[in-house]
>>> print(open('start_38.txt').read())   # compact mmCIF, C-alpha atoms and all ligand atoms
# COMPACT_ATOMS: atom_id res chain seq x y z
CA MET Y 1 -64.93 141.49 146.63
CA ARG Y 2 -64.96 137.71 145.92
CA GLU Y 3 -67.57 135.31 147.21
CA GLY Y 4 -67.52 131.52 146.80
CA ASN Y 5 -64.74 128.95 147.00
CA GLU Y 6 -64.27 127.27 143.67
CA LEU Y 7 -62.87 129.55 141.00
CA ARG Y 8 -65.43 128.61 138.35
CA TYR Y 9 -68.27 129.49 140.74
CA THR Y 10 -66.76 132.85 141.73
CA LYS Y 11 -69.29 135.63 142.13
CA ILE Y 12 -68.22 139.26 142.22
CA ALA Y 13 -70.20 141.71 144.32
CA MET Y 14 -71.65 144.61 142.34
CA ASN Y 15 -72.31 148.14 143.62
CA ASN Y 16 -76.10 147.58 143.38
CA GLY Y 17 -76.02 145.03 146.23
CA ARG Y 18 -76.22 142.02 143.89
CA SER Y 19 -73.48 139.86 142.42
CA ILE Y 20 -72.38 138.64 139.01
CA PRO Y 21 -71.12 135.09 138.29
CA ALA Y 22 -67.60 135.82 137.09
CA LEU Y 23 -67.38 133.13 134.41
CA GLY Y 24 -69.64 134.16 131.54
CA PHE Y 25 -70.69 132.89 128.13
CA GLY Y 26 -70.95 135.30 125.20
CA THR Y 27 -73.57 134.77 122.52
CA LEU Y 28 -71.90 136.53 119.59
CA ILE Y 29 -72.48 133.57 117.27
CA PRO Y 30 -73.65 134.40 113.74
CA ASP Y 31 -75.74 131.25 113.09
CA LEU Y 32 -79.07 131.07 114.97
CA GLY Y 33 -79.13 127.28 115.32
CA GLU Y 34 -75.58 127.29 116.65
CA THR Y 35 -76.46 130.13 119.05
CA GLN Y 36 -79.33 128.12 120.51
CA ARG Y 37 -77.34 124.87 120.75
CA ALA Y 38 -74.25 126.53 122.26
CA THR Y 39 -76.31 128.52 124.79
CA ARG Y 40 -78.16 125.37 125.84
CA THR Y 41 -74.88 123.47 126.20
CA ALA Y 42 -73.33 126.29 128.23
CA LEU Y 43 -76.35 126.28 130.56
CA GLU Y 44 -76.14 122.50 131.01
CA VAL Y 45 -72.40 122.57 131.61
CA GLY Y 46 -72.80 125.17 134.37
CA PHE Y 47 -72.38 128.70 132.96
CA ARG Y 48 -74.79 131.07 134.70
CA GLN Y 49 -73.77 134.45 133.26
CA PHE Y 50 -74.77 135.19 129.63
CA ASP Y 51 -74.00 138.19 127.45
CA CYS Y 52 -76.34 139.20 124.63
CA SER Y 53 -77.00 142.24 122.45
CA GLU Y 54 -79.69 143.51 120.12
CA ARG Y 55 -76.81 143.99 117.68
CA TYR Y 56 -76.11 140.23 117.60
CA ARG Y 57 -79.55 139.73 116.01
CA ASN Y 58 -79.94 136.38 117.76
CA GLU Y 59 -81.67 137.23 121.03
CA GLU Y 60 -84.62 134.99 120.03
CA ALA Y 61 -82.31 131.99 119.75
CA VAL Y 62 -80.80 132.73 123.17
CA GLY Y 63 -84.35 133.20 124.52
CA GLU Y 64 -85.35 129.77 123.20
CA ALA Y 65 -82.42 128.12 124.96
CA LEU Y 66 -83.12 129.98 128.22
CA GLN Y 67 -86.81 129.19 128.05
CA GLY Y 68 -85.97 125.50 127.58
CA VAL Y 69 -84.08 125.17 130.86
CA LEU Y 70 -86.48 127.44 132.76
CA VAL Y 71 -89.61 125.57 131.65
CA GLU Y 72 -87.99 122.22 132.39
CA ARG Y 73 -87.13 123.73 135.80
CA GLN Y 74 -83.52 122.64 135.46
CA ILE Y 75 -82.38 126.11 136.50
CA ARG Y 76 -84.22 128.90 138.33
CA ARG Y 77 -84.35 132.35 136.77
CA ASP Y 78 -82.74 133.93 139.82
CA ASP Y 79 -79.74 131.61 139.47
CA LEU Y 80 -79.07 133.12 136.05
CA PHE Y 81 -77.43 136.44 135.23
CA ILE Y 82 -78.51 137.71 131.83
CA ALA Y 83 -77.15 140.87 130.23
CA THR Y 84 -78.04 142.52 126.97
CA LYS Y 85 -77.03 145.73 125.27
CA LEU Y 86 -78.41 148.87 123.66
CA TRP Y 87 -77.08 149.42 120.15
CA ASN Y 88 -75.76 152.69 118.71
CA ASN Y 89 -78.85 153.55 116.63
CA ASN Y 90 -80.98 153.66 119.79
CA HIS Y 91 -79.10 156.24 121.89
CA ARG Y 92 -81.80 158.92 121.69
CA PRO Y 93 -83.58 158.79 125.08
CA GLU Y 94 -87.02 158.16 123.52
CA ARG Y 95 -85.62 155.09 121.71
CA VAL Y 96 -84.02 153.46 124.78
CA LYS Y 97 -87.10 151.96 126.44
CA PRO Y 98 -88.59 150.55 123.20
CA ALA Y 99 -85.21 149.00 122.31
CA PHE Y 100 -84.90 147.53 125.80
CA GLU Y 101 -88.43 146.11 125.76
CA ALA Y 102 -87.86 144.57 122.33
CA SER Y 103 -84.75 142.81 123.71
CA LEU Y 104 -86.75 141.54 126.71
CA ARG Y 105 -89.45 140.16 124.39
CA ARG Y 106 -86.92 138.43 122.17
CA LEU Y 107 -85.14 136.94 125.18
CA ARG Y 108 -88.54 135.92 126.65
CA LEU Y 109 -87.61 137.42 130.01
CA ASP Y 110 -89.40 139.69 132.50
CA TYR Y 111 -86.18 141.45 133.49
CA VAL Y 112 -82.47 141.43 132.78
CA ASP Y 113 -79.74 141.49 135.37
CA LEU Y 114 -77.68 144.00 133.43
CA TYR Y 115 -78.30 146.41 130.55
CA LEU Y 116 -75.20 147.84 128.89
CA MET Y 117 -74.70 150.71 126.51
CA HIS Y 118 -72.93 148.68 123.81
CA THR Y 119 -70.62 151.54 122.75
CA PRO Y 120 -70.32 155.25 123.61
CA PHE Y 121 -70.88 156.12 119.91
CA ALA Y 122 -74.37 157.26 118.83
CA PHE Y 123 -75.36 156.45 115.26
CA LEU Y 124 -78.12 158.18 113.31
CA PRO Y 125 -81.38 157.30 115.12
CA GLY Y 126 -83.59 154.88 113.22
CA ASP Y 127 -84.06 151.21 112.56
CA ASP Y 128 -80.88 150.80 110.51
CA GLN Y 129 -78.22 149.40 112.87
CA ASP Y 130 -75.46 150.40 110.48
CA PRO Y 131 -76.42 153.74 108.85
CA ARG Y 132 -73.96 154.89 106.18
CA ASP Y 133 -73.64 157.74 103.70
CA GLU Y 134 -73.23 157.23 99.94
CA ASN Y 135 -69.48 156.80 100.45
CA GLY Y 136 -69.96 154.02 102.99
CA ARG Y 137 -69.05 156.17 105.99
CA SER Y 138 -70.93 155.55 109.24
CA LEU Y 139 -73.45 158.25 110.14
CA TYR Y 140 -73.07 159.46 113.71
CA ASP Y 141 -75.62 161.38 115.78
CA SER Y 142 -74.30 164.57 117.38
CA GLY Y 143 -77.75 165.37 118.82
CA VAL Y 144 -77.50 163.18 121.90
CA THR Y 145 -75.01 162.99 124.77
CA LEU Y 146 -73.83 159.95 126.66
CA LEU Y 147 -75.44 161.31 129.80
CA GLU Y 148 -78.84 161.68 128.09
CA THR Y 149 -78.74 158.05 126.96
CA TRP Y 150 -77.59 157.04 130.44
CA GLY Y 151 -80.50 158.96 132.00
CA ALA Y 152 -82.97 156.89 129.95
CA MET Y 153 -81.21 153.70 131.08
CA GLU Y 154 -81.49 154.83 134.71
CA LEU Y 155 -85.27 155.00 134.29
CA LEU Y 156 -85.26 151.29 133.35
CA VAL Y 157 -83.65 150.50 136.71
CA ASP Y 158 -86.29 152.64 138.45
CA GLU Y 159 -88.97 150.53 136.75
CA GLY Y 160 -87.38 147.32 138.07
CA LYS Y 161 -87.01 145.68 134.66
CA CYS Y 162 -83.27 145.82 134.83
CA HIS Y 163 -81.20 145.34 137.98
CA ALA Y 164 -78.01 147.08 136.90
CA ILE Y 165 -76.72 149.26 134.08
CA GLY Y 166 -73.28 149.59 132.63
CA LEU Y 167 -71.03 150.66 129.81
CA SER Y 168 -69.09 148.83 127.17
CA ASP Y 169 -66.16 149.71 124.92
CA VAL Y 170 -65.20 152.75 126.97
CA GLY Y 171 -61.92 153.99 128.36
CA VAL Y 172 -61.17 155.49 131.75
CA GLU Y 173 -62.34 159.00 130.72
CA HIS Y 174 -65.85 158.03 129.57
CA LEU Y 175 -66.21 155.86 132.63
CA GLN Y 176 -65.22 158.63 135.01
CA ASP Y 177 -67.52 161.16 133.24
CA ILE Y 178 -70.54 158.93 133.74
CA ASN Y 179 -69.50 157.75 137.16
CA ARG Y 180 -69.22 161.36 138.39
CA SER Y 181 -72.50 162.63 136.94
CA ALA Y 182 -74.81 159.62 137.06
CA ARG Y 183 -77.74 159.28 139.46
CA ILE Y 184 -77.31 155.49 139.20
CA ARG Y 185 -73.67 154.54 138.82
CA PRO Y 186 -72.44 151.96 136.33
CA SER Y 187 -72.13 148.50 137.91
CA VAL Y 188 -70.18 146.86 135.09
CA VAL Y 189 -67.82 147.92 132.32
CA GLN Y 190 -67.40 145.44 129.47
CA VAL Y 191 -64.22 145.79 127.40
CA GLU Y 192 -61.78 143.64 125.49
CA ALA Y 193 -59.21 142.28 127.97
CA HIS Y 194 -56.75 139.36 127.95
CA PRO Y 195 -53.01 138.93 128.54
CA TYR Y 196 -52.24 140.85 125.31
CA LEU Y 197 -54.53 143.75 126.40
CA PRO Y 198 -54.59 143.59 130.19
CA GLN Y 199 -56.24 147.00 130.71
CA TRP Y 200 -54.47 147.48 134.05
CA GLU Y 201 -55.31 151.20 134.28
CA LEU Y 202 -59.01 150.64 133.61
CA LEU Y 203 -59.07 147.65 135.97
CA GLN Y 204 -57.58 149.80 138.74
CA ALA Y 205 -60.09 152.61 138.07
CA CYS Y 206 -62.94 150.06 138.16
CA LYS Y 207 -61.74 148.56 141.43
CA GLU Y 208 -61.50 152.02 143.01
CA ALA Y 209 -65.03 152.87 141.85
CA GLU Y 210 -66.43 149.42 142.81
CA ILE Y 211 -67.28 148.65 139.21
CA VAL Y 212 -66.87 145.14 137.79
CA LEU Y 213 -64.65 144.87 134.72
CA LEU Y 214 -66.17 142.25 132.40
CA ALA Y 215 -63.51 141.10 129.94
CA PHE Y 216 -64.52 140.04 126.43
CA ALA Y 217 -62.33 138.07 124.00
CA ALA Y 218 -60.78 136.46 127.07
CA LEU Y 219 -59.13 133.85 124.82
CA GLY Y 220 -58.08 136.31 122.14
CA HIS Y 221 -60.94 135.40 119.79
CA SER Y 222 -58.83 132.70 118.01
CA SER Y 223 -57.21 135.54 116.08
CA GLU Y 224 -53.61 136.31 115.17
CA PRO Y 225 -51.38 136.75 117.12
CA ARG Y 226 -52.66 133.58 118.76
CA LEU Y 227 -52.86 134.05 122.50
CA LEU Y 228 -53.40 130.34 123.06
CA GLU Y 229 -50.12 129.63 121.21
CA ASP Y 230 -48.13 132.13 123.31
CA THR Y 231 -44.99 130.49 124.70
CA VAL Y 232 -45.56 131.78 128.26
CA ILE Y 233 -49.21 130.69 128.25
CA LYS Y 234 -48.26 127.26 126.92
CA LYS Y 235 -45.48 126.87 129.50
CA VAL Y 236 -47.81 127.82 132.37
CA ALA Y 237 -50.49 125.49 130.99
CA THR Y 238 -48.13 122.52 130.85
CA ALA Y 239 -46.90 123.17 134.39
CA ALA Y 240 -50.47 123.57 135.69
CA GLY Y 241 -51.78 120.49 133.86
CA GLN Y 242 -54.42 122.65 132.21
CA THR Y 243 -55.05 123.82 128.66
CA ALA Y 244 -53.96 127.23 127.39
CA ALA Y 245 -57.60 128.36 127.35
CA GLN Y 246 -58.16 127.28 130.96
CA VAL Y 247 -55.04 129.13 132.08
CA CYS Y 248 -56.16 132.37 130.37
CA LEU Y 249 -59.56 132.14 132.07
CA ALA Y 250 -58.00 131.39 135.47
CA TRP Y 251 -55.65 134.38 135.11
CA ALA Y 252 -58.58 136.66 134.29
CA LEU Y 253 -60.72 135.52 137.22
CA GLN Y 254 -57.85 135.53 139.72
CA ARG Y 255 -56.95 139.13 138.92
CA GLY Y 256 -60.49 140.12 139.76
CA THR Y 257 -62.29 140.50 136.43
CA ALA Y 258 -65.44 138.78 135.26
CA ILE Y 259 -65.04 137.25 131.80
CA LEU Y 260 -66.82 136.29 128.60
CA THR Y 261 -65.79 133.44 126.40
CA THR Y 262 -67.68 131.94 123.48
CA SER Y 263 -67.59 128.59 121.80
CA ARG Y 264 -69.68 126.63 119.37
CA SER Y 265 -68.07 123.36 120.46
CA GLU Y 266 -69.39 121.30 123.37
CA HIS Y 267 -65.87 120.10 124.08
CA HIS Y 268 -64.52 123.64 124.38
CA ILE Y 269 -67.50 124.87 126.44
CA ARG Y 270 -66.96 122.06 128.93
CA GLU Y 271 -63.20 122.55 128.97
CA SER Y 272 -63.54 126.28 129.66
CA PHE Y 273 -65.97 125.69 132.51
CA GLU Y 274 -63.70 123.08 134.07
CA MET Y 275 -60.78 125.45 134.60
CA SER Y 276 -59.11 125.61 137.98
CA PRO Y 277 -56.83 128.07 139.80
CA ILE Y 278 -53.22 128.71 138.82
CA SER Y 279 -50.37 129.55 141.21
CA GLU Y 280 -49.26 133.07 142.15
CA SER Y 281 -45.99 132.50 140.26
CA ALA Y 282 -47.98 131.49 137.15
CA MET Y 283 -50.04 134.67 137.54
CA LYS Y 284 -46.84 136.72 137.63
CA GLU Y 285 -45.46 134.97 134.55
CA ILE Y 286 -48.62 135.86 132.60
CA ASP Y 287 -48.57 139.43 133.97
CA GLY Y 288 -45.08 139.66 132.54
CA ILE Y 289 -46.14 139.00 128.93
CA THR Y 290 -45.20 142.10 126.92
CA THR Y 291 -47.05 141.46 123.64
CA ARG Y 292 -49.80 144.06 123.24
CA TYR Y 293 -52.65 143.58 120.80
CA ARG Y 294 -56.26 144.74 120.41
CA PHE Y 295 -58.38 142.31 118.39
CA ASN Y 296 -61.55 144.42 118.12
CA ASN Y 297 -61.78 147.96 116.72
CA VAL Y 298 -65.20 148.85 118.08
CA VAL Y 299 -63.74 150.99 120.86
CA GLU Y 300 -62.25 153.41 118.33
CA THR Y 301 -65.22 154.02 116.03
CA GLY Y 302 -68.32 152.28 117.39
CA ILE Y 303 -68.28 150.24 114.19
CA PRO Y 304 -68.47 146.66 115.35
CA GLY Y 305 -66.15 143.91 114.42
CA PHE Y 306 -63.15 141.86 115.19
CA ILE Y 307 -60.34 142.42 112.76
CA PRO Y 308 -61.22 139.59 110.34
CA ARG Y 309 -59.46 136.34 111.03
CA ALA Y 310 -58.46 134.30 108.03
CA ALA Y 311 -60.52 131.26 109.02
CA ASP Y 312 -63.82 133.03 109.67
CA ARG Y 313 -64.41 136.38 107.99
CA LYS Y 314 -68.17 136.40 108.63
CA ASP Y 315 -67.65 137.37 112.32
CA ALA Y 316 -66.21 140.69 111.18
CA THR Y 317 -69.68 142.23 110.86
CA ALA Y 318 -70.86 141.76 114.42
CA GLY Y 319 -69.56 142.44 117.92
N1 LIG Y 401 -68.83 144.70 124.00
C1 LIG Y 401 -68.36 144.42 122.81
O1 LIG Y 401 -68.19 145.30 121.96
C2 LIG Y 401 -68.05 143.00 122.48
C3 LIG Y 401 -67.26 142.73 121.36
C4 LIG Y 401 -66.96 141.40 121.10
C5 LIG Y 401 -67.43 140.38 121.90
N2 LIG Y 401 -68.22 140.67 122.97
C6 LIG Y 401 -68.78 139.60 123.81
O2 LIG Y 401 -67.72 138.77 124.27
C7 LIG Y 401 -68.00 137.40 123.96
C8 LIG Y 401 -66.72 136.63 123.87
O3 LIG Y 401 -65.88 137.14 122.81
P1 LIG Y 401 -65.00 136.21 121.92
O4 LIG Y 401 -65.86 135.41 121.01
O5 LIG Y 401 -63.94 137.00 121.31
O6 LIG Y 401 -64.37 135.21 123.01
P2 LIG Y 401 -63.12 134.24 122.99
O7 LIG Y 401 -63.53 133.14 123.91
O8 LIG Y 401 -61.88 134.99 123.23
O9 LIG Y 401 -63.00 133.72 121.50
C9 LIG Y 401 -63.84 132.74 120.95
C10 LIG Y 401 -62.97 131.80 120.13
O10 LIG Y 401 -62.24 130.97 121.05
C11 LIG Y 401 -62.42 129.60 120.71
N3 LIG Y 401 -62.53 128.85 121.97
C12 LIG Y 401 -63.51 128.92 122.91
N4 LIG Y 401 -63.25 128.10 123.94
C13 LIG Y 401 -62.07 127.50 123.66
C14 LIG Y 401 -61.29 126.54 124.33
N5 LIG Y 401 -61.65 126.03 125.52
N6 LIG Y 401 -60.14 126.12 123.74
C15 LIG Y 401 -59.73 126.64 122.55
N7 LIG Y 401 -60.44 127.56 121.85
C16 LIG Y 401 -61.61 127.98 122.40
C17 LIG Y 401 -63.72 129.55 119.94
O11 LIG Y 401 -63.67 128.51 118.99
P3 LIG Y 401 -64.77 127.30 119.00
O12 LIG Y 401 -66.10 127.91 118.69
O13 LIG Y 401 -64.27 126.39 117.94
O14 LIG Y 401 -64.70 126.69 120.38
C18 LIG Y 401 -63.74 130.89 119.23
O15 LIG Y 401 -63.04 130.83 117.99
C19 LIG Y 401 -68.86 137.51 122.71
O16 LIG Y 401 -69.64 136.35 122.48
C20 LIG Y 401 -69.73 138.69 123.06
O17 LIG Y 401 -70.77 138.28 123.93
C21 LIG Y 401 -68.51 141.97 123.28
>>> encode(input="start_38.txt", output="structure tokens", more="lines below")
Ligand SMILES: NC(=O)c1ccc[n+]([C@@H]2O[C@H](COP(=O)([O-])OP(=O)(O)OC[C@H]3O[C@@H](n4cnc5c(N)ncnc54)[C@H](OP(=O)(O)O)[C@@H]3O)[C@@H](O)[C@H]2O)c1
Amino acid sequence: MREGNELRYTKIAMNNGRSIPALGFGTLIPDLGETQRATRTALEVGFRQFDCSERYRNEEAVGEALQGVLVERQIRRDDLFIATKLWNNNHRPERVKPAFEASLRRLRLDYVDLYLMHTPFAFLPGDDQDPRDENGRSLYDSGVTLLETWGAMELLVDEGKCHAIGLSDVGVEHLQDINRSARIRPSVVQVEAHPYLPQWELLQACKEAEIVLLAFAALGHSSEPRLLEDTVIKKVATAAGQTAAQVCLAWALQRGTAILTTSRSEHHIRESFEMSPISESAMKEIDGITTRYRFNNVVETGIPGFIPRAADRKDATAG
């Protein structure tokens, strides 16, 4: 399934005949200026896969950064892999295409490489991304099925404005439901995955179905319990002469997932890109970590958000 020699340039073949650069940069950054700067830095450093969402409310800032490198002809559009996502308030089939086209306009692109259903939860249709009742409870939409939303996404592929479609924040059951019934099968499944949440069962199901597992929070989102402070990770990092972050990224790529990491710091963006392979025995040591922890609740409710970390509570409203 792998193509390419150097780990950081790994591409994984997708079931639509195209491939995805395995090492990806996520754009869940609350501040617009920081989003634009970090995206530009990631492009200059060498990242070619980018993850966006209408829910992040910063697609314009990502679009500015992309437009910069494309206009300056530093990078060709077909060397980039850009994904964005449909949010929960737009699951009704008639809302899918307008939501998709609005994302394309904000990103200043003619097509995206991947369009994901951000979560399997449909919220009340409308322009409010976070509809709630008077008691603050999220308002769900029971009038639309996953397959109906998926059908509208398939039409986007037919129109050529989106090369692949996929799911996010799903488990094995949702994946198999769609995979069995879909006219166009999912190419990618994006879920939280790292050594504290390795998702082995889902990874196996994805491999069997030729679906790429795209791991988010690959570094544990700087949250407690701190993955980058884990004793096994630190030991492997010291032995490999790499940082804890680099070792987590190498582990993720070497076990066959694509990944997303995010940073606002040029130093960290460069460091993450400059990771290199770890040994088979190091892989086994990381596989043997028994701590289990999910940092993001979205998979349970469709309500976005990392469990707030002490240092940065503002991130708790996105994701
Ligand atoms: N589908 C979904 O529901 C969903 C949910 C959440 C996220 N996502 C996607 O996944 C992306 C990645 O998620 P994430 O933000 O949790 O990723 P992450 O890379 O696990 O966590 C980001 C944190 O790691 C730190 N960091 C980054 N590089 C580092 C390095 N080399 N050394 C040490 N620390 C480093 C960053 O701090 P600095 O900024 O200081 O470097 C930041 O605090 C998001 O941007 C988004 O695109 C999807």
>>> atom_distance(input="start_38.txt", atom1="atom C9 of ligand LIG 401 (chain Y)", atom2="CA of Thr27 (chain Y)")
10.1 Å
>>> closest_residue(input="start_38.txt", among="Y:Glu154, Y:Val96, Y:His268, Y:Asn296", to="Val191 (chain Y)", atoms="only C-alpha atoms")
Y:Asn296
>>> closest_residue(input="start_38.txt", among="Y:Glu210, Y:Asp130, Y:Glu44, Y:Asp51", to="Gly256 (chain Y)", atoms="all atoms listed in the file")
Y:Glu210
>>> closest_residue(input="start_38.txt", among="Y:Leu66, Y:Glu59, Y:Leu28, Y:Leu147", to="Arg105 (chain Y)", atoms="only C-alpha atoms")
Y:Glu59
>>> residues_around(input="start_38.txt", residues="Arg92 (chain Y)", least_positions_apart="5", cutoff="9 Å", atoms="only C-alpha atoms", output="JSON, numbers by chain")
{"Y": [122, 125, 141, 143, 144, 145, 148, 149, 152]}
>>> closest_residue(input="start_38.txt", among="Y:Leu124, Y:Leu109, Y:Ile165, Y:Leu116", to="Asn89 (chain Y)", atoms="all atoms listed in the file")
Y:Leu124
>>> residues_near_point(input="start_38.txt", point="(-79.0, 146.4, 136.3)", cutoff="6 Å", atoms="all atoms listed in the file", output="PDB file with C-alpha atoms, keeping the file's coordinate frame")
ATOM      1  CA  ASP Y 113     -79.740 141.490 135.370  1.00  0.00           C
ATOM      2  CA  LEU Y 114     -77.680 144.000 133.430  1.00  0.00           C
ATOM      3  CA  TYR Y 115     -78.300 146.410 130.550  1.00  0.00           C
ATOM      4  CA  CYS Y 162     -83.270 145.820 134.830  1.00  0.00           C
ATOM      5  CA  HIS Y 163     -81.200 145.340 137.980  1.00  0.00           C
ATOM      6  CA  ALA Y 164     -78.010 147.080 136.900  1.00  0.00           C
ATOM      7  CA  ILE Y 165     -76.720 149.260 134.080  1.00  0.00           C
TER       8      ILE Y 165
END
>>> atom_distance(input="start_38.txt", atom1="CA of Glu266 (chain Y)", atom2="atom C11 of ligand LIG 401 (chain Y)")
11.2 Å
>>> atom_distance(input="start_38.txt", atom1="CA of Asp287 (chain Y)", atom2="atom N3 of ligand LIG 401 (chain Y)")
21.2 Å
>>> closest_residue(input="start_38.txt", among="Y:Gly241, Y:Gly166, Y:Gly26, Y:Pro21", to="ligand LIG 401 (chain Y)", atoms="all atoms listed in the file")
Y:Gly26
>>> residues_near_ligand(input="start_38.txt", ligand="ligand LIG 401 (chain Y)", cutoff="6 Å", atoms="all atoms listed in the file", output="count of residues only")
29
>>> closest_residue(input="start_38.txt", among="Y:Val170, Y:Ala244, Y:Ile286, Y:Val69", to="Arg226 (chain Y)", atoms="all atoms listed in the file")
Y:Ala244
>>> residues_near_point(input="start_38.txt", point="(-87.5, 135.1, 117.4)", cutoff="12 Å", atoms="only C-alpha atoms", output="PyMOL selection string")
chain Y and resi 32-33+36+54+57-65+102-108
>>> write_last_selection(input="start_38.txt", atoms="C-alpha atoms", output="short mmCIF file (atom, residue, chain, number, x, y, z; two decimals), in the frame of the given file")
data_model
loop_
_atom_site.label_atom_id
_atom_site.label_comp_id
_atom_site.auth_asym_id
_atom_site.auth_seq_id
_atom_site.Cartn_x
_atom_site.Cartn_y
_atom_site.Cartn_z
CA LEU Y 32 -79.07 131.07 114.97
CA GLY Y 33 -79.13 127.28 115.32
CA GLN Y 36 -79.33 128.12 120.51
CA GLU Y 54 -79.69 143.51 120.12
CA ARG Y 57 -79.55 139.73 116.01
CA ASN Y 58 -79.94 136.38 117.76
CA GLU Y 59 -81.67 137.23 121.03
CA GLU Y 60 -84.62 134.99 120.03
CA ALA Y 61 -82.31 131.99 119.75
CA VAL Y 62 -80.80 132.73 123.17
CA GLY Y 63 -84.35 133.20 124.52
CA GLU Y 64 -85.35 129.77 123.20
CA ALA Y 65 -82.42 128.12 124.96
CA ALA Y 102 -87.86 144.57 122.33
CA SER Y 103 -84.75 142.81 123.71
CA LEU Y 104 -86.75 141.54 126.71
CA ARG Y 105 -89.45 140.16 124.39
CA ARG Y 106 -86.92 138.43 122.17
CA LEU Y 107 -85.14 136.94 125.18
CA ARG Y 108 -88.54 135.92 126.65
#
>>> residues_around(input="start_38.txt", residues="Glu201 (chain Y)", least_positions_apart="5", cutoff="12 Å", atoms="only C-alpha atoms", output="list in words")
Gly171, Val172, Glu173, Leu175, Ala193, Cys206, Lys207, Glu208 and Leu213 of chain Y
>>> decode(input="start_38.txt", residues="region 111-124 of chain Y", atoms="N, CA and C atoms", output="PDB file, in the first residue's frame")
ATOM      1  N   TYR Y 111     -11.397  22.445  -6.713  1.00  0.00           N
ATOM      2  CA  TYR Y 111     -11.796  21.105  -6.267  1.00  0.00           C
ATOM      3  C   TYR Y 111     -11.083  20.810  -4.953  1.00  0.00           C
ATOM      4  N   VAL Y 112     -11.589  19.845  -4.224  1.00  0.00           N
ATOM      5  CA  VAL Y 112     -10.814  19.311  -3.097  1.00  0.00           C
ATOM      6  C   VAL Y 112     -10.493  17.848  -3.372  1.00  0.00           C
ATOM      7  N   ASP Y 113      -9.446  17.393  -2.734  1.00  0.00           N
ATOM      8  CA  ASP Y 113      -9.014  16.009  -2.918  1.00  0.00           C
ATOM      9  C   ASP Y 113      -9.867  15.051  -2.091  1.00  0.00           C
ATOM     10  N   LEU Y 114     -10.456  15.585  -1.026  1.00  0.00           N
ATOM     11  CA  LEU Y 114     -11.229  14.728  -0.123  1.00  0.00           C
ATOM     12  C   LEU Y 114     -12.275  15.575   0.586  1.00  0.00           C
ATOM     13  N   TYR Y 115     -13.514  15.056   0.616  1.00  0.00           N
ATOM     14  CA  TYR Y 115     -14.573  15.707   1.378  1.00  0.00           C
ATOM     15  C   TYR Y 115     -15.083  14.699   2.395  1.00  0.00           C
ATOM     16  N   LEU Y 116     -15.022  15.078   3.668  1.00  0.00           N
ATOM     17  CA  LEU Y 116     -15.401  14.159   4.741  1.00  0.00           C
ATOM     18  C   LEU Y 116     -16.701  14.598   5.401  1.00  0.00           C
ATOM     19  N   MET Y 117     -17.493  13.624   5.820  1.00  0.00           N
ATOM     20  CA  MET Y 117     -18.602  13.925   6.714  1.00  0.00           C
ATOM     21  C   MET Y 117     -17.963  14.056   8.102  1.00  0.00           C
ATOM     22  N   HIS Y 118     -18.045  15.249   8.689  1.00  0.00           N
ATOM     23  CA  HIS Y 118     -17.237  15.532   9.885  1.00  0.00           C
ATOM     24  C   HIS Y 118     -17.602  14.611  11.050  1.00  0.00           C
ATOM     25  N   THR Y 119     -18.919  14.364  11.237  1.00  0.00           N
ATOM     26  CA  THR Y 119     -19.346  13.380  12.244  1.00  0.00           C
ATOM     27  C   THR Y 119     -20.589  12.666  11.704  1.00  0.00           C
ATOM     28  N   PRO Y 120     -20.933  11.512  12.263  1.00  0.00           N
ATOM     29  CA  PRO Y 120     -22.161  10.833  11.812  1.00  0.00           C
ATOM     30  C   PRO Y 120     -23.420  11.409  12.457  1.00  0.00           C
ATOM     31  N   PHE Y 121     -23.309  12.467  13.255  1.00  0.00           N
ATOM     32  CA  PHE Y 121     -24.459  13.054  13.948  1.00  0.00           C
ATOM     33  C   PHE Y 121     -25.026  14.217  13.139  1.00  0.00           C
ATOM     34  N   ALA Y 122     -26.344  14.161  12.842  1.00  0.00           N
ATOM     35  CA  ALA Y 122     -26.993  15.280  12.154  1.00  0.00           C
ATOM     36  C   ALA Y 122     -27.598  16.208  13.198  1.00  0.00           C
ATOM     37  N   PHE Y 123     -27.294  17.500  13.078  1.00  0.00           N
ATOM     38  CA  PHE Y 123     -27.926  18.512  13.923  1.00  0.00           C
ATOM     39  C   PHE Y 123     -29.099  19.112  13.156  1.00  0.00           C
ATOM     40  N   LEU Y 124     -29.930  19.842  13.875  1.00  0.00           N
ATOM     41  CA  LEU Y 124     -31.062  20.549  13.247  1.00  0.00           C
ATOM     42  C   LEU Y 124     -30.561  21.308  12.019  1.00  0.00           C
TER      43      LEU Y 124
END
